[in-house]
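Chemist: Here it is: the structure, laid out below.
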Amino acid sequence: MKILFVHQNFPGQFLHLAPALAARGHEVVALTDEDNRRPSPVRTLRYRKPPAVAGDGIGRHYGEMAERGLAVARAARQLGESGFVPDIVFGHSGWGEPLFLREVWPAARQLAYAEFCYRGAGLDVGFDPEFQSGDLGARIGAVARRTHLVQGLVDADAAVTPTAWQRASYPEILQGRIRVIHDGIDTETVCPDPTARLVLPDGVELAPGDEVVSFVSRNLEPYRGLHIFLRALPEVLAARPGARVVVIGGEERGYGPLPAEGGSWKARFLDELDGRLDLSRVHFLGKVPYATYLALLRVSRAHAYLTYPFVLSWSLLEAMSAGAPVIASRTPPVEEVIADGRNGRLVDFFDVAGWSGALIDALRSPETMATLREEARRTMVERYDLKRLCLPALLRFVESGGA
């Protein structure tokens with residue numbers, strides 16, 4: 001078959017799927033944003049990024065998504081004129097790119113990657129009153145942001161999402177057309193390694209068994225609990241004088257906005273904690289190569305993961321696969337994976353003292369976390385393994401046209 005992937009940051013969630021389909025003899029092409037410079041495992045074409053939509057009214061977000069969908073449709077028409085007419089179109093619905101592709105290729109099976117659907121209440125909006133408003137305006141804004149997501153799902157022949165909780169974010173009337181298949185964790189690569197070493201910028205070398213607290217987020221922000229984590233650290237560092245804290249993540253805009261007063265969330269919270277954190281033992285590495293990230297997970301004695309009710313991070317699952325003892329927030333997307341006391345520890349998202357205590361306990365008594373680490377690894381192998389479970393299921397999904 002001829003299969004087209006559409007994703008503004010390709011390969012994104014299709015990192016393993018696209019080349020696996022090509023290896024099975026299909027002609028696989030990707031269409032992505034002209035600014036995307038990520039390496040691609042398949043032949044990739046680029047569409048021209050649409051201009052910004054003027055104004056700040058309630059319909060602006062849909063306008064931006066529709067303009068991107070229009071840009072993709074124009075590029076798709078040119079692709080078709082060059083001789084590539086796909087049997088399958090598989091697009092991420094998050095940025096509006098697949099909105100009009102049925103008009104270009106009405107005979108192709110249209111598949112959607114349905115990652116998350118916004119809602120006025122009950123998910124991320126209003127969850128954290130310190131940084132979010134749950135008022136009428138915020139709720140209406142969230143509902144307006146899902147217009148293109150619902151339209152994209154209505155027009156798709158079938159859709160897939162990584163977790164049951166993410167499927168449940170969509171209106172109930174649409175959930176029946178969404179399959180739950182996780183992208184998959186490469187448990188052969190992401191595995192415990194007693195020989196792992198992480199060298200910090202100050203030259204200190206960390207190894208499994210050291211008192212290492214780890215925290216990972218693509219961007220450091222409240223959506224992933226940076227404020228709660230940093231506020232818990234003074235007590236942790238005081239109780240465990242040999243502990244080191246290693247934080248990976250950028251300081252750009254993430255899922256939520258940057259501070260209204262400017263700067264980054266990292267700077268904002270470090271200012272708040274000025275004088276209370278021993279920064280000689282808290283190491284911010286920024287964005288790092290994958291090997292560095294994996295080394296951190298392997299040497300960690302306590303891995304903290306927090307999230308609003310939002311998309312679950314790959315980093316949580318990879319931490320579990322790597323054998324890191326995980327302390328995570330008791331929020332619904334996490335509870336789909338972690339059972340408290342069985343394969344990890346759960347702490348209320350906002351309970352700063354509870355976070356301090358849980359991290360101290362993990363550092364003080366690593367033997368108590370050993371069974372949890374083993375069970376976490378088993379959970380990844382038995383439920384989320386890339387090669388044995390998830391990738392074969394995704395291949396069946398695509399090759400069957402979502403049937």
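Just so we're on the same page: first chain in the structure tokens is A, next is B, and so on; residues restart at 1 for each chain, and ligands are numbered from 1 in the order they show up.
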Among the residues of segment 254-359 of chain A, find those DSSP assigns to helix (DSSP H, G or I) from the backbone and print them as a PyMOL selection string.
Modeler: chain A and resi 265-272+290-299+314-321+332-335+352-359
Chemist: Which residues are close to Gly96 of chain A, i.e. within 7 Å by only C-alpha atoms, leaving aside same-chain residues fewer than 2 positions away? Reply as a PyMOL selection string.
Modeler: chain A and resi 65-66+68-69+93-94+98-99+148
Chemist: Please dump the current selection as a PDB file, in the first residue's frame; keep C-alpha atoms.
Modeler:
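File selection.pdb, as written:
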```pdb
ATOM      1  CA  MET A  65      -5.872  25.021  12.910  1.00  0.00           C
ATOM      2  CA  ALA A  66      -7.949  25.468   9.753  1.00  0.00           C
ATOM      3  CA  ARG A  68      -2.719  24.749   8.828  1.00  0.00           C
ATOM      4  CA  GLY A  69      -5.167  22.199   7.466  1.00  0.00           C
ATOM      5  CA  SER A  93      -5.239  15.531  14.803  1.00  0.00           C
ATOM      6  CA  GLY A  94      -3.705  17.949  17.307  1.00  0.00           C
ATOM      7  CA  PRO A  98      -5.688  16.340   8.480  1.00  0.00           C
ATOM      8  CA  LEU A  99      -8.842  18.484   8.535  1.00  0.00           C
ATOM      9  CA  HIS A 148     -10.837  20.935  15.251  1.00  0.00           C
TER      10      HIS A 148
END
```
Chemist: Go through A:Gly402, A:Gly323, A:Gly357, A:Gly256 one by one, measure the shortest atom-to-atom distance of each to Gln132 of chain A using only C-alpha atoms, and give the residue with the smallest value.
Modeler: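 Going through A:Gly402, A:Gly323, A:Gly357, A:Gly256 one by one, the smallest distance to Gln132 of chain A is for A:Gly256.
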Chemist: Would you mind listing what lies within 9 Å of segment 37-44 of chain A as a list of chain:residue names, with only C-alpha atoms counted and same-chain residues fewer than 5 positions away left out?
Modeler: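 Counting only the stated atoms, we get A:Asn9, A:Phe10, A:Pro11, A:Leu15, A:His16, A:Ala18, A:Pro19, A:Ala22, A:Val28, A:Val29, A:Ala30, A:Leu31, A:Thr32.
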Chemist: Emit the selected residues as an mmCIF file, in the first residue's frame, including N, CA and C atoms.
Modeler:
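Result file result21.cif:
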```cif
data_model
loop_
_atom_site.group_PDB
_atom_site.id
_atom_site.type_symbol
_atom_site.label_atom_id
_atom_site.label_comp_id
_atom_site.auth_asym_id
_atom_site.auth_seq_id
_atom_site.Cartn_x
_atom_site.Cartn_y
_atom_site.Cartn_z
ATOM 1 N N ASN A 9 5.600 17.636 13.569
ATOM 2 C CA ASN A 9 6.904 17.380 14.173
ATOM 3 C C ASN A 9 7.327 15.940 13.910
ATOM 4 N N PHE A 10 7.029 15.449 12.713
ATOM 5 C CA PHE A 10 7.348 14.069 12.354
ATOM 6 C C PHE A 10 8.825 13.758 12.632
ATOM 7 N N PRO A 11 9.135 12.546 13.146
ATOM 8 C CA PRO A 11 8.259 11.376 13.256
ATOM 9 C C PRO A 11 7.347 11.356 14.480
ATOM 10 N N LEU A 15 7.520 7.318 15.272
ATOM 11 C CA LEU A 15 8.956 7.036 15.175
ATOM 12 C C LEU A 15 9.238 5.582 14.802
ATOM 13 N N HIS A 16 8.544 4.655 15.412
ATOM 14 C CA HIS A 16 8.778 3.232 15.140
ATOM 15 C C HIS A 16 7.834 2.687 14.076
ATOM 16 N N ALA A 18 6.319 4.145 11.331
ATOM 17 C CA ALA A 18 6.558 4.477 9.918
ATOM 18 C C ALA A 18 7.642 3.599 9.296
ATOM 19 N N PRO A 19 8.826 3.480 9.912
ATOM 20 C CA PRO A 19 9.841 2.609 9.293
ATOM 21 C C PRO A 19 9.459 1.137 9.311
ATOM 22 N N ALA A 22 7.409 0.592 6.265
ATOM 23 C CA ALA A 22 8.274 0.609 5.085
ATOM 24 C C ALA A 22 9.028 -0.710 4.956
ATOM 25 N N VAL A 28 6.003 4.409 2.036
ATOM 26 C CA VAL A 28 5.663 5.282 3.147
ATOM 27 C C VAL A 28 6.274 6.660 2.931
ATOM 28 N N VAL A 29 5.432 7.675 3.042
ATOM 29 C CA VAL A 29 5.851 9.071 2.876
ATOM 30 C C VAL A 29 5.311 9.858 4.062
ATOM 31 N N ALA A 30 6.053 10.879 4.467
ATOM 32 C CA ALA A 30 5.594 11.755 5.549
ATOM 33 C C ALA A 30 5.479 13.184 5.037
ATOM 34 N N LEU A 31 4.512 13.911 5.577
ATOM 35 C CA LEU A 31 4.308 15.323 5.278
ATOM 36 C C LEU A 31 4.401 16.082 6.589
ATOM 37 N N THR A 32 5.279 17.088 6.656
ATOM 38 C CA THR A 32 5.531 17.772 7.920
ATOM 39 C C THR A 32 5.751 19.260 7.691
#
```
Chemist: Neighbouring residues of Glu130 of chain A were defined as those with any atom within 12 Å, considering only C-alpha atoms; residues of the same chain fewer than 4 positions away were excluded. Please report them as a count of residues only.
Modeler: 10
Chemist: With only C-alpha atoms counted and 7 Å as the cut-off, give the residues of segment 241-276 of chain A in contact with segment 212-215 of chain A, each with its shortest interatomic distance in Å and the pair that gives it, as CSV.
Modeler:
```
residue,atom,partner,partner_atom,distance
A:Ala243,CA,A:Val212,CA,5.9
A:Arg244,CA,A:Val212,CA,5.1
A:Val245,CA,A:Val213,CA,4.7
A:Val246,CA,A:Ser214,CA,5.0
A:Val247,CA,A:Phe215,CA,4.8
A:Ile248,CA,A:Phe215,CA,6.4
```
Chemist: Would you save the residues of that selection, restricted to N, CA and C atoms, as a compact mmCIF listing (two decimals), in the first residue's frame?
Modeler:
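File written: result-v7.txt
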```
# COMPACT_ATOMS: atom_id res chain seq x y z
N ALA A 243 22.45 13.47 49.24
CA ALA A 243 21.61 13.34 48.04
C ALA A 243 21.95 14.39 46.99
N ARG A 244 21.76 14.00 45.75
CA ARG A 244 21.88 14.92 44.61
C ARG A 244 20.56 14.87 43.83
N VAL A 245 20.15 16.02 43.33
CA VAL A 245 18.93 16.12 42.53
C VAL A 245 19.33 16.50 41.11
N VAL A 246 18.84 15.75 40.13
CA VAL A 246 19.17 16.01 38.73
C VAL A 246 17.86 16.24 37.97
N VAL A 247 17.79 17.38 37.30
CA VAL A 247 16.57 17.80 36.59
C VAL A 247 16.89 17.95 35.11
N ILE A 248 16.10 17.30 34.27
CA ILE A 248 16.24 17.41 32.81
C ILE A 248 14.99 18.08 32.26
```
Chemist: Under the rule that only C-alpha atoms are counted, which of A:Arg102, A:Arg224, A:Arg77, A:Lys2 is the nearest residue to Phe310 of chain A?
Modeler: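 Nearest to Phe310 of chain A: A:Arg224.
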Chemist: For atom CA of Glu336 of chain A and atom CA of Thr163 of chain A, quote the distance in Å rounded to one decimal.
Modeler: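 Those two atoms sit 8.0 Å apart.
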Chemist: Do a neighbour search on segment 284-290 of chain A at 10 Å with only C-alpha atoms, toss out local chain neighbours closer than 4 positions, and write the hits as a ChimeraX atom specification.
Modeler: /A:200-201,215-220,245-251,266,279,294-296
Chemist: In Å, rounded to a single decimal, give me how far atom CA of Pro171 of chain A is from atom CA of Gly120 of chain A.
Modeler: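 For atom CA of Gly120 of chain A relative to atom CA of Pro171 of chain A, the distance reads 11.9 Å.
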Chemist: What's the 10 Å shell around segment 57-61 of chain A, counting only C-alpha atoms, without same-chain residues fewer than 3 positions away, as a PyMOL selection string?
Modeler: chain A and resi 52-54+64-67+95+137+140-148
Chemist: Out of A:Thr187, A:Asn343, A:Gln166, A:Asn36, which residue has the shortest atom-to-atom distance to Pro309 of chain A when counting only C-alpha atoms?
Modeler: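 Of all the options, A:Gln166 lies closest to Pro309 of chain A.
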Chemist: Using Å and a single decimal, report how far atom CA of Ile185 of chain A sits from atom CA of Cys390 of chain A.
Modeler: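 Separating atom CA of Cys390 of chain A from atom CA of Ile185 of chain A is a distance of 8.2 Å.
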Chemist: Of the candidates A:Arg24, A:Arg298, A:Arg177, A:Arg342, which shows the shortest atom-to-atom distance to Ala196 of chain A, using only C-alpha atoms?
Modeler: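 Under the stated criterion, the closest residue is A:Arg298.
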Chemist: Quick check for you: according to DSSP on this backbone, which residues of segment 41-205 of chain A are classed as strand (DSSP E or B)? Reply as a list in words.
Modeler: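 Those residues are Arg43, Thr44, Leu45, Arg46, Tyr47, Ile88, Val89, Phe90, Gly91, His92, Arg109, Gln110, Leu111, Ala112, Tyr113, Ala158, Ala159, Val160, Thr161, Ile178, Arg179, Val180, Ile185, Leu198, Val199 and Glu205 of chain A.
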Chemist: Those same residues - C-alpha atoms - I'd like them written as a PDB file, in the first residue's frame.
Modeler:
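The resulting file, selection.pdb, is shown below:
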```pdb
ATOM      1  CA  ARG A  43      10.896   9.961   2.691  1.00  0.00           C
ATOM      2  CA  THR A  44       9.594  13.288   3.961  1.00  0.00           C
ATOM      3  CA  LEU A  45       8.041  16.289   2.237  1.00  0.00           C
ATOM      4  CA  ARG A  46       7.269  19.655   3.826  1.00  0.00           C
ATOM      5  CA  TYR A  47       4.346  22.023   3.619  1.00  0.00           C
ATOM      6  CA  ILE A  88      -3.990   5.236   3.924  1.00  0.00           C
ATOM      7  CA  VAL A  89      -3.615   8.713   5.449  1.00  0.00           C
ATOM      8  CA  PHE A  90      -2.597   8.692   9.111  1.00  0.00           C
ATOM      9  CA  GLY A  91      -2.505  12.141  10.684  1.00  0.00           C
ATOM     10  CA  HIS A  92      -2.078  13.543  14.167  1.00  0.00           C
ATOM     11  CA  ARG A 109      -8.790   5.520   4.497  1.00  0.00           C
ATOM     12  CA  GLN A 110      -8.374   8.374   6.955  1.00  0.00           C
ATOM     13  CA  LEU A 111      -6.822   7.426  10.306  1.00  0.00           C
ATOM     14  CA  ALA A 112      -6.358   9.831  13.210  1.00  0.00           C
ATOM     15  CA  TYR A 113      -3.959   9.883  16.120  1.00  0.00           C
ATOM     16  CA  ALA A 158     -10.872   5.256  12.700  1.00  0.00           C
ATOM     17  CA  ALA A 159      -8.585   6.623  15.384  1.00  0.00           C
ATOM     18  CA  VAL A 160      -6.047   5.452  17.920  1.00  0.00           C
ATOM     19  CA  THR A 161      -4.899   6.855  21.256  1.00  0.00           C
ATOM     20  CA  ILE A 178     -11.038   5.258  19.053  1.00  0.00           C
ATOM     21  CA  ARG A 179      -8.809   2.226  19.627  1.00  0.00           C
ATOM     22  CA  VAL A 180      -6.436   2.220  22.629  1.00  0.00           C
ATOM     23  CA  ILE A 185       8.257   1.292  25.105  1.00  0.00           C
ATOM     24  CA  LEU A 198      26.091   9.855  34.756  1.00  0.00           C
ATOM     25  CA  VAL A 199      28.758  12.562  34.902  1.00  0.00           C
ATOM     26  CA  GLU A 205      30.019  10.774  38.641  1.00  0.00           C
TER      27      GLU A 205
END
```
